[in-house]
Amino acid sequence: MREFIYFSNSARTTGNFNSEKLMDAGRMDIAIHTLINALFLSHKIREDTKIHLLFNGPPNPPQHLEIFPEGRKSSGEITLSKKNVAGLIKKMLFRAKRDKKVIVEPGYEIEKKSIFKVLNDLIEEGKEIYILDAKGEDIRKIKFKDNPVFVLADQDGFPHKELKKLKSLGTAISVGKLTYFASQVVTIVNNELDRQKI
Ligand SMILES: C[S@@+](CC[C@H](N)C(=O)[O-])C[C@H]1O[C@@H](n2cnc3c(N)ncnc32)[C@H](O)[C@@H]1O
C-alpha cells in the first residue's frame with residue numbers, strides 16, 4: 001500500500017462550504033485535485049493507495065480524513081467518483097466527532113487528529129516517511145520499499161516550523177527543481193512507484 005498525506009493549514013474543517021466555490025473553502029479545489037491524482041487512473045481506481053487529508057483550517061482543526069477505496073466495489077454505498085469528491089469530503093466533515101474516530105463508510109474515516117500524531121502512528125507501524133520538498137534528494141535516486149508514505153502540502157507549502165519537524169521524521173525528496181502543484185507532484189510520485197513496481 002502506498003500512502004499520501006496532504007496537509008493544508010487553510011482547508012475548511014466543516015462540511016458547511018459551497019461546492020460551487022471550492023477556492024473559498026480554504027482551497028478545497030487543490031485537496032480534490034490531489035485526491036483524484038492519488039487514487040484515479042484512466043477508468044480505474046488505485047486500490048493499493050490511501051490518501052490522508054490533514055485539514056487545519058477553521059472552524060474545527062485538525063481533521064484527519066482517511067480515504068482508501070480498497071474493496072469498495074463489493075461494499076458500502078459511497079462510490080468514489082471524480083464528479084463527487086467534494087460531496088464525499090463534505091459528508092465526512094459533517095460526520096466528524098470531537099472525541100472519536102467515525103467510520104463514515106468502510107474506507108472513509110474521519111478523526112480529530114494532528115499530522116504529527118498520524119505520522120507517529122505510521123512510523124510505529126514501521127512505514128518509511130518521505131517529505132516532498134523541492135530541495136530534497138532526487139526521487140529517481142531512491143529505491144523504494146513496500147508501503148512508503150509521502151507527505152506534501154497545499155499552495156502555501158508547510159509552515160517553517162512544521163517543515164523542520166517533518167524533516168526530522170522522514171527523508172526529504174524532490175521531483176525536480178521547479179515548484180509543481182501538489183496534485184502534479186502526486187502524479188509524478190505515483191508514476192515513479194509504478195515504474196519501480198512498488
Ligand atoms: C504548490 S507547492 C507549494 C508552494 C509553496 N509556495 C512552497 O514554497 O512550498 C505544493 C507542495 O507540492 C510539493 N512540491 C512542489 N514542487 C515540488 C518539487 N519540485 N519536489 C518535491 N515536492 C514538491 C511540496 O510538498 C509543496 O509543499
# chains A, B, ... in the order shown; residues from 1 in each chain; ligands from 1
call {"tool": "residues_near_ligand", "arguments": {"ligand": "ligand 1", "cutoff": "10 Å", "atoms": "only C-alpha atoms and all ligand atoms", "output": "MDAnalysis selection string"}}
result
chainID A and resid 5:8 30 34 130:139 150:160 163 172:186 188:189
call {"tool": "residues_around", "arguments": {"residues": "Lys101 of chain A", "least_positions_apart": "5", "cutoff": "7 Å", "atoms": "only C-alpha atoms", "output": "PyMOL selection string"}}
result
chain A and resi 109-111
call {"tool": "residues_around", "arguments": {"residues": "Gly126 of chain A", "least_positions_apart": "6", "cutoff": "10 Å", "atoms": "only C-alpha atoms", "output": "ChimeraX atom specification"}}
result
/A:120,147-148
call {"tool": "atom_distance", "arguments": {"atom1": "atom CA of Leu169 of chain A", "atom2": "atom CA of Thr14 of chain A"}}
result
29.1 Å
call {"tool": "select_by_dssp", "arguments": {"residues": "chain A", "states": "strand (DSSP E)", "output": "VMD selection string"}}
result
chain A and resid 2 to 8 40 to 41 44 to 45 49 to 55 63 to 67 102 to 105 108 to 111 129 to 138 149 to 153 171 to 174
call {"tool": "write_last_selection", "arguments": {"atoms": "N, CA and C atoms", "output": "compact mmCIF listing (two decimals), in the first residue's frame"}}
result
# COMPACT_ATOMS: atom_id res chain seq x y z
N ARG A 2 0.60 2.17 -0.92
CA ARG A 2 1.28 3.46 -0.88
C ARG A 2 0.31 4.48 -0.27
N GLU A 3 0.88 5.44 0.45
CA GLU A 3 0.01 6.41 1.12
C GLU A 3 0.50 7.83 0.87
N PHE A 4 -0.45 8.73 0.70
CA PHE A 4 -0.15 10.15 0.57
C PHE A 4 -0.80 10.89 1.73
N ILE A 5 -0.06 11.87 2.25
CA ILE A 5 -0.62 12.75 3.28
C ILE A 5 -0.60 14.17 2.71
N TYR A 6 -1.78 14.74 2.54
CA TYR A 6 -1.89 16.11 2.03
C TYR A 6 -2.23 17.02 3.20
N PHE A 7 -1.36 18.01 3.45
CA PHE A 7 -1.55 18.91 4.59
C PHE A 7 -1.97 20.30 4.12
N SER A 8 -3.03 20.82 4.71
CA SER A 8 -3.45 22.19 4.39
C SER A 8 -3.81 22.94 5.65
N PHE A 40 -6.93 7.89 -8.72
CA PHE A 40 -7.54 7.50 -10.00
C PHE A 40 -6.51 7.29 -11.11
N LEU A 41 -6.78 6.23 -11.89
CA LEU A 41 -6.14 6.03 -13.19
C LEU A 41 -7.25 6.18 -14.22
N LYS A 44 -10.06 3.53 -13.84
CA LYS A 44 -9.69 2.57 -12.80
C LYS A 44 -9.35 3.34 -11.52
N ILE A 45 -9.65 2.71 -10.38
CA ILE A 45 -9.23 3.29 -9.10
C ILE A 45 -8.00 2.52 -8.61
N THR A 49 -3.81 2.20 -2.83
CA THR A 49 -3.38 3.55 -2.42
C THR A 49 -4.36 4.16 -1.44
N LYS A 50 -3.78 4.86 -0.45
CA LYS A 50 -4.62 5.56 0.53
C LYS A 50 -4.21 7.03 0.55
N ILE A 51 -5.19 7.91 0.71
CA ILE A 51 -4.84 9.33 0.92
C ILE A 51 -5.38 9.79 2.27
N HIS A 52 -4.51 10.53 2.96
CA HIS A 52 -4.90 11.17 4.22
C HIS A 52 -4.98 12.67 3.94
N LEU A 53 -6.14 13.27 4.22
CA LEU A 53 -6.26 14.72 4.10
C LEU A 53 -6.18 15.30 5.51
N LEU A 54 -5.17 16.12 5.75
CA LEU A 54 -4.99 16.75 7.06
C LEU A 54 -5.38 18.21 6.94
N PHE A 55 -6.59 18.51 7.39
CA PHE A 55 -7.12 19.87 7.25
C PHE A 55 -6.96 20.62 8.58
N GLN A 63 -8.47 18.11 11.37
CA GLN A 63 -9.29 16.96 10.97
C GLN A 63 -8.45 16.06 10.06
N HIS A 64 -8.53 14.78 10.33
CA HIS A 64 -7.81 13.77 9.57
C HIS A 64 -8.82 12.92 8.82
N LEU A 65 -8.87 13.08 7.51
CA LEU A 65 -9.78 12.28 6.68
C LEU A 65 -8.96 11.21 5.99
N GLU A 66 -9.36 9.96 6.15
CA GLU A 66 -8.62 8.84 5.57
C GLU A 66 -9.49 8.20 4.49
N ILE A 67 -8.96 8.10 3.28
CA ILE A 67 -9.77 7.60 2.17
C ILE A 67 -9.00 6.49 1.46
N VAL A 102 -14.74 8.39 13.36
CA VAL A 102 -16.01 7.99 12.76
C VAL A 102 -15.74 7.26 11.45
N ILE A 103 -16.28 6.05 11.33
CA ILE A 103 -16.20 5.34 10.05
C ILE A 103 -17.46 5.72 9.28
N VAL A 104 -17.30 6.62 8.33
CA VAL A 104 -18.46 7.13 7.59
C VAL A 104 -19.03 6.01 6.72
N GLU A 105 -18.14 5.28 6.10
CA GLU A 105 -18.42 4.04 5.35
C GLU A 105 -17.09 3.29 5.38
N TYR A 108 -13.75 5.11 4.48
CA TYR A 108 -13.88 6.57 4.61
C TYR A 108 -14.00 6.90 6.09
N GLU A 109 -12.89 7.37 6.67
CA GLU A 109 -12.87 7.59 8.12
C GLU A 109 -12.41 9.00 8.44
N ILE A 110 -12.93 9.54 9.54
CA ILE A 110 -12.54 10.89 9.96
C ILE A 110 -12.31 10.92 11.45
N GLU A 111 -11.27 11.67 11.83
CA GLU A 111 -10.89 11.74 13.24
C GLU A 111 -10.22 13.09 13.48
N ILE A 129 8.80 7.31 5.81
CA ILE A 129 8.15 8.59 5.52
C ILE A 129 9.04 9.41 4.57
N TYR A 130 8.43 9.95 3.53
CA TYR A 130 9.13 10.82 2.59
C TYR A 130 8.42 12.16 2.54
N ILE A 131 9.18 13.24 2.73
CA ILE A 131 8.61 14.59 2.71
C ILE A 131 8.89 15.19 1.33
N LEU A 132 7.85 15.57 0.62
CA LEU A 132 8.03 16.14 -0.71
C LEU A 132 8.47 17.59 -0.58
N ASP A 133 9.70 17.85 -1.08
CA ASP A 133 10.28 19.17 -0.93
C ASP A 133 11.27 19.38 -2.08
N ALA A 134 11.11 20.50 -2.78
CA ALA A 134 11.95 20.73 -3.97
C ALA A 134 13.44 20.66 -3.65
N LYS A 135 13.79 20.90 -2.38
CA LYS A 135 15.22 20.89 -2.03
C LYS A 135 15.70 19.51 -1.58
N GLY A 136 14.84 18.52 -1.63
CA GLY A 136 15.21 17.18 -1.14
C GLY A 136 16.03 16.39 -2.15
N GLU A 137 16.26 15.13 -1.80
CA GLU A 137 17.04 14.22 -2.64
C GLU A 137 16.22 13.84 -3.88
N ASP A 138 16.87 13.66 -5.00
CA ASP A 138 16.19 13.34 -6.26
C ASP A 138 15.44 12.01 -6.15
N VAL A 149 5.23 6.21 2.54
CA VAL A 149 4.27 7.28 2.86
C VAL A 149 4.86 8.61 2.39
N PHE A 150 4.09 9.37 1.63
CA PHE A 150 4.56 10.63 1.05
C PHE A 150 3.75 11.79 1.62
N VAL A 151 4.47 12.81 2.09
CA VAL A 151 3.80 13.95 2.73
C VAL A 151 4.01 15.19 1.87
N LEU A 152 2.91 15.88 1.56
CA LEU A 152 3.04 17.12 0.78
C LEU A 152 2.03 18.14 1.26
N ALA A 153 2.26 19.39 0.84
CA ALA A 153 1.43 20.48 1.37
C ALA A 153 0.63 21.16 0.26
N THR A 171 12.59 11.33 5.14
CA THR A 171 13.58 11.75 4.15
C THR A 171 12.93 12.77 3.21
N ALA A 172 13.58 13.92 3.02
CA ALA A 172 13.05 14.91 2.08
C ALA A 172 13.42 14.49 0.66
N ILE A 173 12.43 14.43 -0.21
CA ILE A 173 12.71 14.04 -1.60
C ILE A 173 12.10 15.07 -2.56
N SER A 174 12.75 15.17 -3.73
CA SER A 174 12.35 16.16 -4.72
C SER A 174 11.97 15.48 -6.03
call {"tool": "select_by_dssp", "arguments": {"residues": "chain A", "states": "alpha helix (DSSP H)", "output": "MDAnalysis selection string"}}
result
chainID A and resid 28:39 85:95 115:124 160:169 182:195
call {"tool": "atom_distance", "arguments": {"atom1": "atom CA of Lys113 of chain A", "atom2": "atom CA of Pro62 of chain A"}}
result
5.7 Å
call {"tool": "atom_distance", "arguments": {"atom1": "atom CA of Ala25 of chain A", "atom2": "atom CA of Asn84 of chain A"}}
result
15.9 Å
call {"tool": "closest_residue", "arguments": {"among": "A:Gly15, A:Met1, A:Ile32, A:Gly57", "to": "Ala96 of chain A", "atoms": "only C-alpha atoms"}}
result
A:Gly15
call {"tool": "closest_residue", "arguments": {"among": "A:Ile142, A:Leu22, A:Met28, A:Lys161", "to": "Glu192 of chain A", "atoms": "only C-alpha atoms"}}
result
A:Ile142
